[in-house]
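Contents: one structure, followed by commentary.
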Amino acid sequence: MDAGSLNSFSNLNGQSKWPLQEQLLLRRNSSKENMDRFIPNRSAMDMDYANYMLTEGRKIKEDQTACSPAKEAYRKLLAESLNMNRTRILAFKNKPPTRVEHFPSENSTASVHPSKSTKSRRHIPQSSERTLDAPDLVEDFYLNLLDWGSGNVLAIALGNTVYLWDASDSSTSELVTVDDENGPVTSVNWAPDGRHIAIGLNNSEVQLWDSASNRQLRTLRGGHASRVGSIAWNNHILTTGGMDGLTVNNDVRIRSHIVETYRGHQQEVCGLKWSASGQQLASGGNDNLVHIWDRSVASSNSPTQWLHRLEDHTSAVKALAWCPFQSNLLATGGGGGDRTIKFWNTHTGACLNSVDTGSQVCGLLWSKNERELLSSHGFTNNQLTLWKYPSMVKMAELTGHTSRVLYMAQSPDGCTVASAAGDETLRFWNVFGAPEVTKAAPKANHEPFSQLNRIR
């Protein structure tokens, strides 16, 4: 069992009036910034010669008209022999050496390897590009309180309130505040359309909201007996995971919304992720188990049997991520007693690799543009780690949070990652770089509510 909530819900009523405000950090000027711009290079100076030229040299010039040709020739020969024909008396820093190209330029590369194109090494910023305050963020390993929708709006639950932060203009709005007997909010997840959002509550209910009109559409009841800590959309199917160990598929289009119930976990379901195809569902629980469920064998008449039961983790499994470039590859992360990232072939159920990260794995995100994986961690470093796949070589470690990085979400373009931690801050990291320019594909209709005028 992993360490869960480290703070009680008693202080949720005292929420800050100004959440999601940017922190203003004063940067101290380093000593380098206060240096003189030009520093003489004294090793290249000859102070004796300088003094001679300023005093005796003037006299020599005055006497040159009176010197005979023989004496003048002798003086020039003597000056040349003693290296006195110099014009630089005071010398600044020597001329810098010629630049050595460790990475060949485009021209040199083209001449050596005309048929191969080299890719420049991407710069990965080591600090967050923006930090927002997130007061009263519940520090609970088993919850999922952050999500970034396709409409470029970030949703975060702070205590009993769900706030929306629009990334296009950095504006913040309040979506809903639930009553104390129903809260706090325990999970949030955007629908694929980027407009509708599902909100799981501590009282076992799930609310559906239209963010454009700021209107509640319906409340899903009867699926769980306790709090709903994880939510995942699959088109019009909303899957919920509860502390009761149940995983429930809800069809939001119909009145009797419960269409399948998956029973396999003995403790709280804290992680849920659908594959890109929508055929397989991965669920992680506080019982250290990962289940793979297949919709093709689902039945609403009886408890559905899992396709694979993965038992290699030794602690709670919340972090789940389907690979975007290999449909049957699933990455999972274990909690404080496990600390590993494991890779699975979901067709066969085989474990392909296991990497010890050294700390609690709270979240996993695949890059949409590169073969890279980002993990967020708890004790003891509270860092984000970028891995190169499949070698699993560390590319970068991003630090700044002072408590467990419990929640992560990825921007629609795949470039930016938002992380929320127990230190009550929300940080934005430009970790995955710019996306590749590709031809736009025809837009599919993913709106689960597109064929309905209202939901009862």
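Letters for chains follow the order of the structure tokens (A, B, ...), residue numbers begin at 1 for each chain, and ligand numbers begin at 1 in the order shown.
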
Cys415 of chain A environment, 6 Å, only C-alpha atoms, sequence neighbours closer than 5 positions dropped, as an mmCIF file with N, CA, C and O atoms, in the first residue's frame:
data_model
loop_
_atom_site.group_PDB
_atom_site.id
_atom_site.type_symbol
_atom_site.label_atom_id
_atom_site.label_comp_id
_atom_site.auth_asym_id
_atom_site.auth_seq_id
_atom_site.Cartn_x
_atom_site.Cartn_y
_atom_site.Cartn_z
ATOM 1 N N PHE A 432 9.050 18.528 -24.098
ATOM 2 C CA PHE A 432 9.003 17.663 -25.268
ATOM 3 C C PHE A 432 9.357 18.366 -26.574
ATOM 4 O O PHE A 432 9.425 17.725 -27.612
ATOM 5 N N GLY A 433 9.566 19.664 -26.564
ATOM 6 C CA GLY A 433 9.972 20.363 -27.779
ATOM 7 C C GLY A 433 8.822 20.599 -28.733
ATOM 8 O O GLY A 433 7.677 20.208 -28.499
ATOM 9 N N ALA A 434 9.135 21.262 -29.846
ATOM 10 C CA ALA A 434 8.114 21.639 -30.823
ATOM 11 C C ALA A 434 7.659 20.425 -31.632
ATOM 12 O O ALA A 434 8.465 19.546 -31.944
#

Which residues come within 7 Å of segment 315-325 of chain A, counting only C-alpha atoms, excluding same-chain residues fewer than 4 positions away, as a ChimeraX atom specification?
-> /A:1-2,142,270-271,273,275,284-289,329-338,361-366,368

Mind listing the strand (DSSP E) residues of segment 115-257 of chain A, per DSSP on the backbone, as JSON, numbers by chain?
-> {"A": [130, 131, 132, 133, 146, 147, 148, 153, 154, 155, 156, 157, 158, 161, 162, 163, 164, 165, 166, 171, 172, 173, 174, 175, 176, 177, 185, 186, 187, 188, 189, 190, 196, 197, 198, 199, 200, 201, 206, 207, 208, 209, 210, 215, 216, 217, 218, 219, 220, 228, 229, 230, 231, 232, 233, 234, 237, 238, 239, 240, 241, 242, 246, 247, 248, 249, 250, 251]}

Mind giving me the straight-line distance from atom CA of Val176 of chain A to atom CA of Val162 of chain A in Å, one decimal?
-> 5.5 Å

Using atom CA of Arg427 of chain A and atom CA of Thr131 of chain A as the two end points, give the distance in Å to one decimal.
->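 For atom CA of Arg427 of chain A relative to atom CA of Thr131 of chain A, the distance reads 4.5 Å.
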
Nearest to Lys394 of chain A, chosen from A:Asp251, A:Gly245, A:Leu373, A:Glu72, with only C-alpha atoms counted in the distances | A:Leu373

Which residues, written as a ChimeraX atom specification, have at least one atom at most 10 Å from Val355 of chain A, with only C-alpha atoms counted and residues fewer than 5 positions away on the same chain left out?
-> /A:333,339-343,392

One-decimal distance in Å that lies between atom CA of His236 of chain A and atom CA of Ile199 of chain A |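 Atom-to-atom, atom CA of Ile199 of chain A and atom CA of His236 of chain A are spaced 15.3 Å apart.
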
Using only C-alpha atoms, the residue out of A:Glu22, A:Glu372, A:Asp356, A:Glu424 with shortest distance to Ala134 of chain A is A:Glu424

Quick one: residues within 12 Å of Ala212 of chain A, only C-alpha atoms counted, chain neighbours fewer than 4 positions away excluded, as number ranges by chain?
-> A: 151, 153, 164, 173, 175, 193-197, 216-217

Could you take the residues named above and write them with all heavy atoms, as a PDB file, in the first residue's frame?
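Here's the written file result-v4.pdb:
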ATOM      1  N   GLY A 151      -9.265  21.384 -26.087  1.00  0.00           N
ATOM      2  CA  GLY A 151      -9.547  22.789 -26.331  1.00  0.00           C
ATOM      3  C   GLY A 151      -8.517  23.721 -25.729  1.00  0.00           C
ATOM      4  O   GLY A 151      -8.732  24.934 -25.688  1.00  0.00           O
ATOM      5  N   VAL A 153      -7.559  23.948 -22.622  1.00  0.00           N
ATOM      6  CA  VAL A 153      -7.968  24.440 -21.304  1.00  0.00           C
ATOM      7  C   VAL A 153      -7.579  23.394 -20.263  1.00  0.00           C
ATOM      8  O   VAL A 153      -7.875  22.207 -20.421  1.00  0.00           O
ATOM      9  CB  VAL A 153      -9.482  24.723 -21.242  1.00  0.00           C
ATOM     10  CG1 VAL A 153      -9.898  25.163 -19.844  1.00  0.00           C
ATOM     11  CG2 VAL A 153      -9.862  25.783 -22.259  1.00  0.00           C
ATOM     12  N   LEU A 164     -10.794  26.275 -14.223  1.00  0.00           N
ATOM     13  CA  LEU A 164     -10.369  26.122 -15.612  1.00  0.00           C
ATOM     14  C   LEU A 164      -9.368  27.222 -15.932  1.00  0.00           C
ATOM     15  O   LEU A 164      -9.658  28.414 -15.724  1.00  0.00           O
ATOM     16  CB  LEU A 164     -11.564  26.197 -16.566  1.00  0.00           C
ATOM     17  CG  LEU A 164     -12.697  25.197 -16.320  1.00  0.00           C
ATOM     18  CD1 LEU A 164     -13.801  25.389 -17.354  1.00  0.00           C
ATOM     19  CD2 LEU A 164     -12.187  23.766 -16.328  1.00  0.00           C
ATOM     20  N   SER A 173     -11.102  30.650 -14.630  1.00  0.00           N
ATOM     21  CA  SER A 173     -12.521  30.730 -14.293  1.00  0.00           C
ATOM     22  C   SER A 173     -12.884  29.563 -13.385  1.00  0.00           C
ATOM     23  O   SER A 173     -12.225  28.517 -13.394  1.00  0.00           O
ATOM     24  CB  SER A 173     -13.393  30.707 -15.557  1.00  0.00           C
ATOM     25  OG  SER A 173     -13.192  29.503 -16.286  1.00  0.00           O
ATOM     26  N   LEU A 175     -15.428  26.654 -12.470  1.00  0.00           N
ATOM     27  CA  LEU A 175     -16.484  25.859 -13.097  1.00  0.00           C
ATOM     28  C   LEU A 175     -17.559  25.490 -12.094  1.00  0.00           C
ATOM     29  O   LEU A 175     -18.744  25.706 -12.330  1.00  0.00           O
ATOM     30  CB  LEU A 175     -15.897  24.596 -13.736  1.00  0.00           C
ATOM     31  CG  LEU A 175     -16.899  23.659 -14.400  1.00  0.00           C
ATOM     32  CD1 LEU A 175     -17.559  24.339 -15.602  1.00  0.00           C
ATOM     33  CD2 LEU A 175     -16.235  22.360 -14.839  1.00  0.00           C
ATOM     34  N   ASP A 193     -13.958  15.894 -26.925  1.00  0.00           N
ATOM     35  CA  ASP A 193     -14.335  17.109 -27.645  1.00  0.00           C
ATOM     36  C   ASP A 193     -13.741  18.371 -27.027  1.00  0.00           C
ATOM     37  O   ASP A 193     -13.793  19.450 -27.626  1.00  0.00           O
ATOM     38  CB  ASP A 193     -15.859  17.242 -27.738  1.00  0.00           C
ATOM     39  CG  ASP A 193     -16.534  17.310 -26.368  1.00  0.00           C
ATOM     40  OD1 ASP A 193     -15.814  17.398 -25.344  1.00  0.00           O
ATOM     41  OD2 ASP A 193     -17.773  17.277 -26.315  1.00  0.00           O
ATOM     42  N   GLY A 194     -13.157  18.284 -25.849  1.00  0.00           N
ATOM     43  CA  GLY A 194     -12.549  19.442 -25.210  1.00  0.00           C
ATOM     44  C   GLY A 194     -13.545  20.426 -24.633  1.00  0.00           C
ATOM     45  O   GLY A 194     -13.157  21.505 -24.181  1.00  0.00           O
ATOM     46  N   ARG A 195     -14.792  20.075 -24.622  1.00  0.00           N
ATOM     47  CA  ARG A 195     -15.847  20.965 -24.111  1.00  0.00           C
ATOM     48  C   ARG A 195     -16.501  20.403 -22.861  1.00  0.00           C
ATOM     49  O   ARG A 195     -16.753  21.138 -21.911  1.00  0.00           O
ATOM     50  CB  ARG A 195     -16.897  21.199 -25.197  1.00  0.00           C
ATOM     51  CG  ARG A 195     -18.118  21.967 -24.719  1.00  0.00           C
ATOM     52  CD  ARG A 195     -19.060  22.311 -25.860  1.00  0.00           C
ATOM     53  NE  ARG A 195     -20.294  22.921 -25.373  1.00  0.00           N
ATOM     54  CZ  ARG A 195     -21.213  23.461 -26.153  1.00  0.00           C
ATOM     55  NH1 ARG A 195     -21.054  23.463 -27.477  1.00  0.00           N
ATOM     56  NH2 ARG A 195     -22.312  23.995 -25.644  1.00  0.00           N
ATOM     57  N   HIS A 196     -16.794  19.111 -22.867  1.00  0.00           N
ATOM     58  CA  HIS A 196     -17.456  18.474 -21.734  1.00  0.00           C
ATOM     59  C   HIS A 196     -16.424  17.838 -20.806  1.00  0.00           C
ATOM     60  O   HIS A 196     -15.390  17.348 -21.258  1.00  0.00           O
ATOM     61  CB  HIS A 196     -18.453  17.423 -22.221  1.00  0.00           C
ATOM     62  CG  HIS A 196     -19.516  17.985 -23.107  1.00  0.00           C
ATOM     63  ND1 HIS A 196     -19.376  18.075 -24.479  1.00  0.00           N
ATOM     64  CD2 HIS A 196     -20.737  18.509 -22.815  1.00  0.00           C
ATOM     65  CE1 HIS A 196     -20.464  18.621 -25.000  1.00  0.00           C
ATOM     66  NE2 HIS A 196     -21.302  18.895 -24.011  1.00  0.00           N
ATOM     67  N   ILE A 197     -16.730  17.855 -19.515  1.00  0.00           N
ATOM     68  CA  ILE A 197     -15.788  17.379 -18.519  1.00  0.00           C
ATOM     69  C   ILE A 197     -16.531  16.572 -17.457  1.00  0.00           C
ATOM     70  O   ILE A 197     -17.671  16.899 -17.089  1.00  0.00           O
ATOM     71  CB  ILE A 197     -15.029  18.568 -17.871  1.00  0.00           C
ATOM     72  CG1 ILE A 197     -13.921  18.065 -16.950  1.00  0.00           C
ATOM     73  CG2 ILE A 197     -15.968  19.515 -17.163  1.00  0.00           C
ATOM     74  CD1 ILE A 197     -13.013  19.157 -16.451  1.00  0.00           C
ATOM     75  N   GLN A 216     -24.304  22.224 -15.686  1.00  0.00           N
ATOM     76  CA  GLN A 216     -24.253  20.803 -15.360  1.00  0.00           C
ATOM     77  C   GLN A 216     -25.280  20.055 -16.203  1.00  0.00           C
ATOM     78  O   GLN A 216     -26.444  20.453 -16.295  1.00  0.00           O
ATOM     79  CB  GLN A 216     -24.533  20.558 -13.878  1.00  0.00           C
ATOM     80  CG  GLN A 216     -24.412  19.092 -13.479  1.00  0.00           C
ATOM     81  CD  GLN A 216     -24.651  18.855 -11.997  1.00  0.00           C
ATOM     82  OE1 GLN A 216     -24.787  19.801 -11.226  1.00  0.00           O
ATOM     83  NE2 GLN A 216     -24.700  17.598 -11.595  1.00  0.00           N
ATOM     84  N   LEU A 217     -24.851  18.949 -16.828  1.00  0.00           N
ATOM     85  CA  LEU A 217     -25.719  18.183 -17.715  1.00  0.00           C
ATOM     86  C   LEU A 217     -26.433  17.049 -16.979  1.00  0.00           C
ATOM     87  O   LEU A 217     -27.632  16.842 -17.178  1.00  0.00           O
ATOM     88  CB  LEU A 217     -24.906  17.614 -18.877  1.00  0.00           C
ATOM     89  CG  LEU A 217     -24.206  18.644 -19.760  1.00  0.00           C
ATOM     90  CD1 LEU A 217     -23.366  17.952 -20.827  1.00  0.00           C
ATOM     91  CD2 LEU A 217     -25.219  19.577 -20.404  1.00  0.00           C
TER      92      LEU A 217
END

Within 9 Å of Leu398 of chain A using only C-alpha atoms, minus same-chain residues under 4 positions, as a ChimeraX atom specification = /A:125-128,383-386,429,431

Those same residues - N, CA and C atoms - I'd like them written as a compact mmCIF listing (two decimals), in the first residue's frame.
# COMPACT_ATOMS: atom_id res chain seq x y z
N PRO A 125 14.88 22.70 -21.41
CA PRO A 125 15.00 23.61 -20.27
C PRO A 125 14.92 22.86 -18.95
N GLN A 126 15.81 23.20 -18.02
CA GLN A 126 15.89 22.50 -16.75
C GLN A 126 14.98 23.11 -15.68
N SER A 127 14.37 24.24 -15.98
CA SER A 127 13.48 24.88 -15.01
C SER A 127 12.12 25.11 -15.66
N SER A 128 11.10 25.25 -14.83
CA SER A 128 9.74 25.45 -15.34
C SER A 128 9.62 26.85 -15.94
N GLN A 383 11.04 14.87 -8.45
CA GLN A 383 11.48 15.39 -9.75
C GLN A 383 10.65 14.81 -10.89
N LEU A 384 10.86 15.40 -12.07
CA LEU A 384 10.36 14.82 -13.32
C LEU A 384 11.58 14.33 -14.09
N THR A 385 11.49 13.13 -14.63
CA THR A 385 12.63 12.52 -15.34
C THR A 385 12.21 12.20 -16.76
N LEU A 386 13.04 12.64 -17.72
CA LEU A 386 12.81 12.35 -19.13
C LEU A 386 13.71 11.21 -19.56
N TRP A 429 6.30 22.91 -17.95
CA TRP A 429 7.62 22.53 -18.44
C TRP A 429 7.58 22.36 -19.95
N VAL A 431 9.14 20.52 -22.10
CA VAL A 431 10.06 19.37 -22.04
C VAL A 431 10.12 18.57 -23.34

Find, counting only C-alpha atoms, the residue in A:Thr219, A:Ser403, A:Ser367, A:Asn235 that gets nearest to Lys388 of chain A.
->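 Using only C-alpha atoms, Lys388 of chain A sits closest to A:Ser367.
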
Given the choices A:Asn250, A:Ser81, A:Thr172, A:Ser187, which gets closest to Asn160 of chain A if the distance is worked out from only C-alpha atoms?
-> A:Ser187
